[in-house]
Amino acid sequence: SYRNKLGGFHSMHQLNEVYGLDSNLIKNNIQHFLDLDKNDIQKINLDTSGVKTLIKHPYIDYKKAIAIVNYRSQHGNYKSTQDLLKIHLLKKEDVEKLKPYLLFE
């Protein structure tokens, strides 16, 4: 369920974010998890996605979604993650976590 909300796992470390998965269980059974296919990650188009779409992603809360859409309305389409860093609500760590899920046109 969490993998679907994310749009796919891009790192095995994300398994630690799954509610109910114990870190020891992950560590002792890591060989049983499937290899990650980074081509299967579902991307979010920041130039067309609205607030309702953005808040479905676990890394984007309502306030951040509003800020992302407002910034786009004021400054035009996003060119790169550097544009996201201009939004005061988004920290560098937030942008780095989101980076694999973002699509820029």
# chains A, B, ... in the order shown; residues from 1 in each chain; ligands from 1

call {"tool": "residues_around", "arguments": {"residues": "region 43-48 of chain A", "least_positions_apart": "2", "cutoff": "8 Å", "atoms": "only C-alpha atoms", "output": "number ranges by chain"}}
result
A: 7, 41, 50, 54, 68, 72, 77-78, 100-105

call {"tool": "write_last_selection", "arguments": {"atoms": "N, CA, C and O atoms", "output": "PDB file, in the first residue's frame"}}
result
ATOM      1  N   GLY A   7       4.510   5.668  -5.343  1.00  0.00           N
ATOM      2  CA  GLY A   7       4.731   5.553  -6.775  1.00  0.00           C
ATOM      3  C   GLY A   7       5.871   4.595  -7.064  1.00  0.00           C
ATOM      4  O   GLY A   7       6.428   4.569  -8.145  1.00  0.00           O
ATOM      5  N   ILE A  41       9.052   3.673 -11.410  1.00  0.00           N
ATOM      6  CA  ILE A  41       8.594   4.720 -10.489  1.00  0.00           C
ATOM      7  C   ILE A  41       7.629   5.650 -11.209  1.00  0.00           C
ATOM      8  O   ILE A  41       7.909   6.123 -12.316  1.00  0.00           O
ATOM      9  N   GLY A  50      -2.305  19.256  -9.688  1.00  0.00           N
ATOM     10  CA  GLY A  50      -2.950  20.151  -8.749  1.00  0.00           C
ATOM     11  C   GLY A  50      -2.730  19.694  -7.319  1.00  0.00           C
ATOM     12  O   GLY A  50      -2.091  18.664  -7.056  1.00  0.00           O
ATOM     13  N   LEU A  54      -1.051  16.215  -5.710  1.00  0.00           N
ATOM     14  CA  LEU A  54       0.195  16.328  -4.945  1.00  0.00           C
ATOM     15  C   LEU A  54       0.079  15.760  -3.538  1.00  0.00           C
ATOM     16  O   LEU A  54       0.997  15.095  -3.057  1.00  0.00           O
ATOM     17  N   ILE A  68       3.615  24.613  -3.722  1.00  0.00           N
ATOM     18  CA  ILE A  68       4.111  24.176  -5.029  1.00  0.00           C
ATOM     19  C   ILE A  68       3.233  24.715  -6.150  1.00  0.00           C
ATOM     20  O   ILE A  68       3.731  25.242  -7.150  1.00  0.00           O
ATOM     21  N   ARG A  72       4.167  27.810  -8.930  1.00  0.00           N
ATOM     22  CA  ARG A  72       4.011  27.594 -10.375  1.00  0.00           C
ATOM     23  C   ARG A  72       3.117  28.674 -10.985  1.00  0.00           C
ATOM     24  O   ARG A  72       3.401  29.184 -12.074  1.00  0.00           O
ATOM     25  N   ASN A  77       6.221  27.371 -15.178  1.00  0.00           N
ATOM     26  CA  ASN A  77       6.553  25.961 -15.010  1.00  0.00           C
ATOM     27  C   ASN A  77       7.911  25.761 -14.350  1.00  0.00           C
ATOM     28  O   ASN A  77       8.813  26.591 -14.481  1.00  0.00           O
ATOM     29  N   TYR A  78       8.019  24.617 -13.673  1.00  0.00           N
ATOM     30  CA  TYR A  78       9.270  24.254 -13.019  1.00  0.00           C
ATOM     31  C   TYR A  78      10.263  23.762 -14.058  1.00  0.00           C
ATOM     32  O   TYR A  78       9.911  23.046 -14.985  1.00  0.00           O
ATOM     33  N   PRO A 100      13.328  11.629  -7.021  1.00  0.00           N
ATOM     34  CA  PRO A 100      13.073  10.490  -7.920  1.00  0.00           C
ATOM     35  C   PRO A 100      11.639  10.429  -8.455  1.00  0.00           C
ATOM     36  O   PRO A 100      11.371   9.751  -9.429  1.00  0.00           O
ATOM     37  N   TYR A 101      10.734  11.165  -7.816  1.00  0.00           N
ATOM     38  CA  TYR A 101       9.323  11.105  -8.181  1.00  0.00           C
ATOM     39  C   TYR A 101       8.859  12.286  -9.021  1.00  0.00           C
ATOM     40  O   TYR A 101       7.691  12.382  -9.356  1.00  0.00           O
ATOM     41  N   LEU A 102       9.770  13.180  -9.352  1.00  0.00           N
ATOM     42  CA  LEU A 102       9.385  14.410 -10.034  1.00  0.00           C
ATOM     43  C   LEU A 102       9.689  14.355 -11.523  1.00  0.00           C
ATOM     44  O   LEU A 102      10.706  13.836 -11.956  1.00  0.00           O
ATOM     45  N   LEU A 103       8.785  14.960 -12.278  1.00  0.00           N
ATOM     46  CA  LEU A 103       8.923  15.056 -13.720  1.00  0.00           C
ATOM     47  C   LEU A 103       8.873  16.533 -14.093  1.00  0.00           C
ATOM     48  O   LEU A 103       7.979  17.265 -13.674  1.00  0.00           O
ATOM     49  N   PHE A 104       9.865  16.965 -14.859  1.00  0.00           N
ATOM     50  CA  PHE A 104       9.921  18.331 -15.343  1.00  0.00           C
ATOM     51  C   PHE A 104       9.839  18.287 -16.865  1.00  0.00           C
ATOM     52  O   PHE A 104      10.509  17.500 -17.499  1.00  0.00           O
ATOM     53  N   GLU A 105       9.032  19.170 -17.427  1.00  0.00           N
ATOM     54  CA  GLU A 105       8.899  19.198 -18.899  1.00  0.00           C
ATOM     55  C   GLU A 105       9.533  20.443 -19.458  1.00  0.00           C
ATOM     56  O   GLU A 105       9.688  21.419 -18.855  1.00  0.00           O
TER      57      GLU A 105
END

call {"tool": "residues_around", "arguments": {"residues": "region 59-67 of chain A", "least_positions_apart": "5", "cutoff": "12 Å", "atoms": "only C-alpha atoms", "output": "tab-separated table (two decimals) with N, CA, C and O atoms, in the first residue's frame"}}
result
chain	number	residue	atom	x	y	z
A	2	TYR	N	1.88	1.27	0.86
A	2	TYR	CA	2.77	2.44	0.94
A	2	TYR	C	3.56	2.59	-0.36
A	2	TYR	O	3.74	3.70	-0.86
A	5	LYS	N	1.38	4.32	-2.83
A	5	LYS	CA	1.23	5.75	-2.54
A	5	LYS	C	2.45	6.53	-2.97
A	5	LYS	O	2.35	7.65	-3.45
A	6	LEU	N	3.62	5.94	-2.76
A	6	LEU	CA	4.87	6.60	-3.16
A	6	LEU	C	5.00	6.68	-4.68
A	6	LEU	O	5.57	7.63	-5.20
A	7	GLY	N	4.51	5.67	-5.34
A	7	GLY	CA	4.73	5.55	-6.78
A	7	GLY	C	5.87	4.60	-7.06
A	7	GLY	O	6.43	4.57	-8.15
A	14	GLN	N	13.86	2.96	1.93
A	14	GLN	CA	12.47	3.38	2.10
A	14	GLN	C	11.63	2.32	2.80
A	14	GLN	O	10.55	2.63	3.30
A	17	GLU	N	10.42	3.18	6.14
A	17	GLU	CA	9.29	4.10	6.26
A	17	GLU	C	7.95	3.38	6.34
A	17	GLU	O	6.94	3.99	6.64
A	44	ILE	N	5.53	12.45	-10.80
A	44	ILE	CA	4.55	13.53	-10.63
A	44	ILE	C	4.98	14.68	-11.52
A	44	ILE	O	6.09	15.19	-11.38
A	46	LEU	N	5.07	18.24	-12.06
A	46	LEU	CA	4.83	19.44	-11.26
A	46	LEU	C	4.18	20.56	-12.06
A	46	LEU	O	3.62	21.48	-11.49
A	49	SER	N	0.18	19.01	-12.21
A	49	SER	CA	-0.50	18.43	-11.04
A	49	SER	C	-1.08	19.51	-10.13
A	49	SER	O	-0.43	20.51	-9.84
A	50	GLY	N	-2.30	19.26	-9.69
A	50	GLY	CA	-2.95	20.15	-8.75
A	50	GLY	C	-2.73	19.69	-7.32
A	50	GLY	O	-2.09	18.66	-7.06
A	51	VAL	N	-3.29	20.43	-6.41
A	51	VAL	CA	-3.13	20.14	-4.97
A	51	VAL	C	-3.64	18.74	-4.64
A	51	VAL	O	-2.97	18.00	-3.92
A	52	LYS	N	-4.79	18.36	-5.17
A	52	LYS	CA	-5.36	17.04	-4.86
A	52	LYS	C	-4.43	15.90	-5.28
A	52	LYS	O	-4.33	14.89	-4.60
A	53	THR	N	-3.77	16.06	-6.39
A	53	THR	CA	-2.82	15.05	-6.85
A	53	THR	C	-1.57	15.05	-5.99
A	53	THR	O	-1.08	13.99	-5.59
A	54	LEU	N	-1.05	16.21	-5.71
A	54	LEU	CA	0.20	16.33	-4.95
A	54	LEU	C	0.08	15.76	-3.54
A	54	LEU	O	1.00	15.10	-3.06
A	72	ARG	N	4.17	27.81	-8.93
A	72	ARG	CA	4.01	27.59	-10.38
A	72	ARG	C	3.12	28.67	-10.99
A	72	ARG	O	3.40	29.18	-12.07
A	73	SER	N	2.06	29.04	-10.29
A	73	SER	CA	1.15	30.08	-10.79
A	73	SER	C	1.85	31.43	-10.90
A	73	SER	O	1.58	32.20	-11.82
A	74	GLN	N	2.73	31.71	-9.97
A	74	GLN	CA	3.41	33.00	-9.94
A	74	GLN	C	4.64	33.07	-10.84
A	74	GLN	O	4.96	34.12	-11.38
A	75	HIS	N	5.35	31.94	-10.99
A	75	HIS	CA	6.64	31.96	-11.67
A	75	HIS	C	6.70	31.12	-12.95
A	75	HIS	O	7.74	31.08	-13.60
A	83	ASP	N	14.23	25.02	-8.58
A	83	ASP	CA	13.05	25.88	-8.43
A	83	ASP	C	12.30	25.55	-7.14
A	83	ASP	O	11.79	26.45	-6.47
A	84	LEU	N	12.25	24.28	-6.79
A	84	LEU	CA	11.56	23.89	-5.56
A	84	LEU	C	12.25	24.43	-4.32
A	84	LEU	O	11.61	24.72	-3.31
A	85	LEU	N	13.56	24.57	-4.40
A	85	LEU	CA	14.31	25.09	-3.24
A	85	LEU	C	14.02	26.55	-2.97
A	85	LEU	O	14.33	27.06	-1.90
A	86	LYS	N	13.37	27.22	-3.91
A	86	LYS	CA	12.98	28.62	-3.72
A	86	LYS	C	11.70	28.74	-2.88
A	86	LYS	O	11.34	29.83	-2.47
A	87	ILE	N	11.04	27.62	-2.66
A	87	ILE	CA	9.83	27.60	-1.83
A	87	ILE	C	10.27	27.40	-0.39
A	87	ILE	O	10.91	26.40	-0.05
A	88	HIS	N	9.96	28.35	0.46
A	88	HIS	CA	10.46	28.34	1.84
A	88	HIS	C	9.99	27.15	2.67
A	88	HIS	O	10.68	26.74	3.59
A	89	LEU	N	8.85	26.59	2.35
A	89	LEU	CA	8.36	25.43	3.10
A	89	LEU	C	9.12	24.15	2.79
A	89	LEU	O	9.10	23.20	3.56
A	90	LEU	N	9.78	24.11	1.64
A	90	LEU	CA	10.51	22.92	1.23
A	90	LEU	C	11.98	23.04	1.59
A	90	LEU	O	12.65	23.98	1.17
A	91	LYS	N	12.44	22.09	2.35
A	91	LYS	CA	13.86	22.05	2.73
A	91	LYS	C	14.60	21.19	1.73
A	91	LYS	O	14.01	20.40	0.99
A	93	GLU	N	16.29	18.58	2.23
A	93	GLU	CA	16.01	17.16	2.49
A	93	GLU	C	14.69	16.73	1.86
A	93	GLU	O	14.57	15.61	1.35
A	94	ASP	N	13.69	17.61	1.92
A	94	ASP	CA	12.39	17.31	1.31
A	94	ASP	C	12.53	17.12	-0.19
A	94	ASP	O	12.00	16.18	-0.77
A	95	VAL	N	13.27	18.02	-0.81
A	95	VAL	CA	13.45	17.99	-2.26
A	95	VAL	C	14.23	16.74	-2.67
A	95	VAL	O	13.91	16.09	-3.66
A	96	GLU	N	15.25	16.39	-1.90
A	96	GLU	CA	16.05	15.20	-2.21
A	96	GLU	C	15.19	13.93	-2.14
A	96	GLU	O	15.34	13.03	-2.97
A	97	LYS	N	14.30	13.86	-1.15
A	97	LYS	CA	13.41	12.69	-1.04
A	97	LYS	C	12.45	12.62	-2.22
A	97	LYS	O	12.12	11.55	-2.71
A	98	LEU	N	11.99	13.78	-2.66
A	98	LEU	CA	11.01	13.85	-3.75
A	98	LEU	C	11.63	13.67	-5.13
A	98	LEU	O	10.95	13.25	-6.07
A	99	LYS	N	12.88	14.00	-5.26
A	99	LYS	CA	13.55	14.05	-6.57
A	99	LYS	C	13.26	12.88	-7.48
A	99	LYS	O	12.94	13.07	-8.66
A	100	PRO	N	13.33	11.63	-7.02
A	100	PRO	CA	13.07	10.49	-7.92
A	100	PRO	C	11.64	10.43	-8.45
A	100	PRO	O	11.37	9.75	-9.43
A	101	TYR	N	10.73	11.17	-7.82
A	101	TYR	CA	9.32	11.10	-8.18
A	101	TYR	C	8.86	12.29	-9.02
A	101	TYR	O	7.69	12.38	-9.36
A	102	LEU	N	9.77	13.18	-9.35
A	102	LEU	CA	9.39	14.41	-10.03
A	102	LEU	C	9.69	14.36	-11.52
A	102	LEU	O	10.71	13.84	-11.96
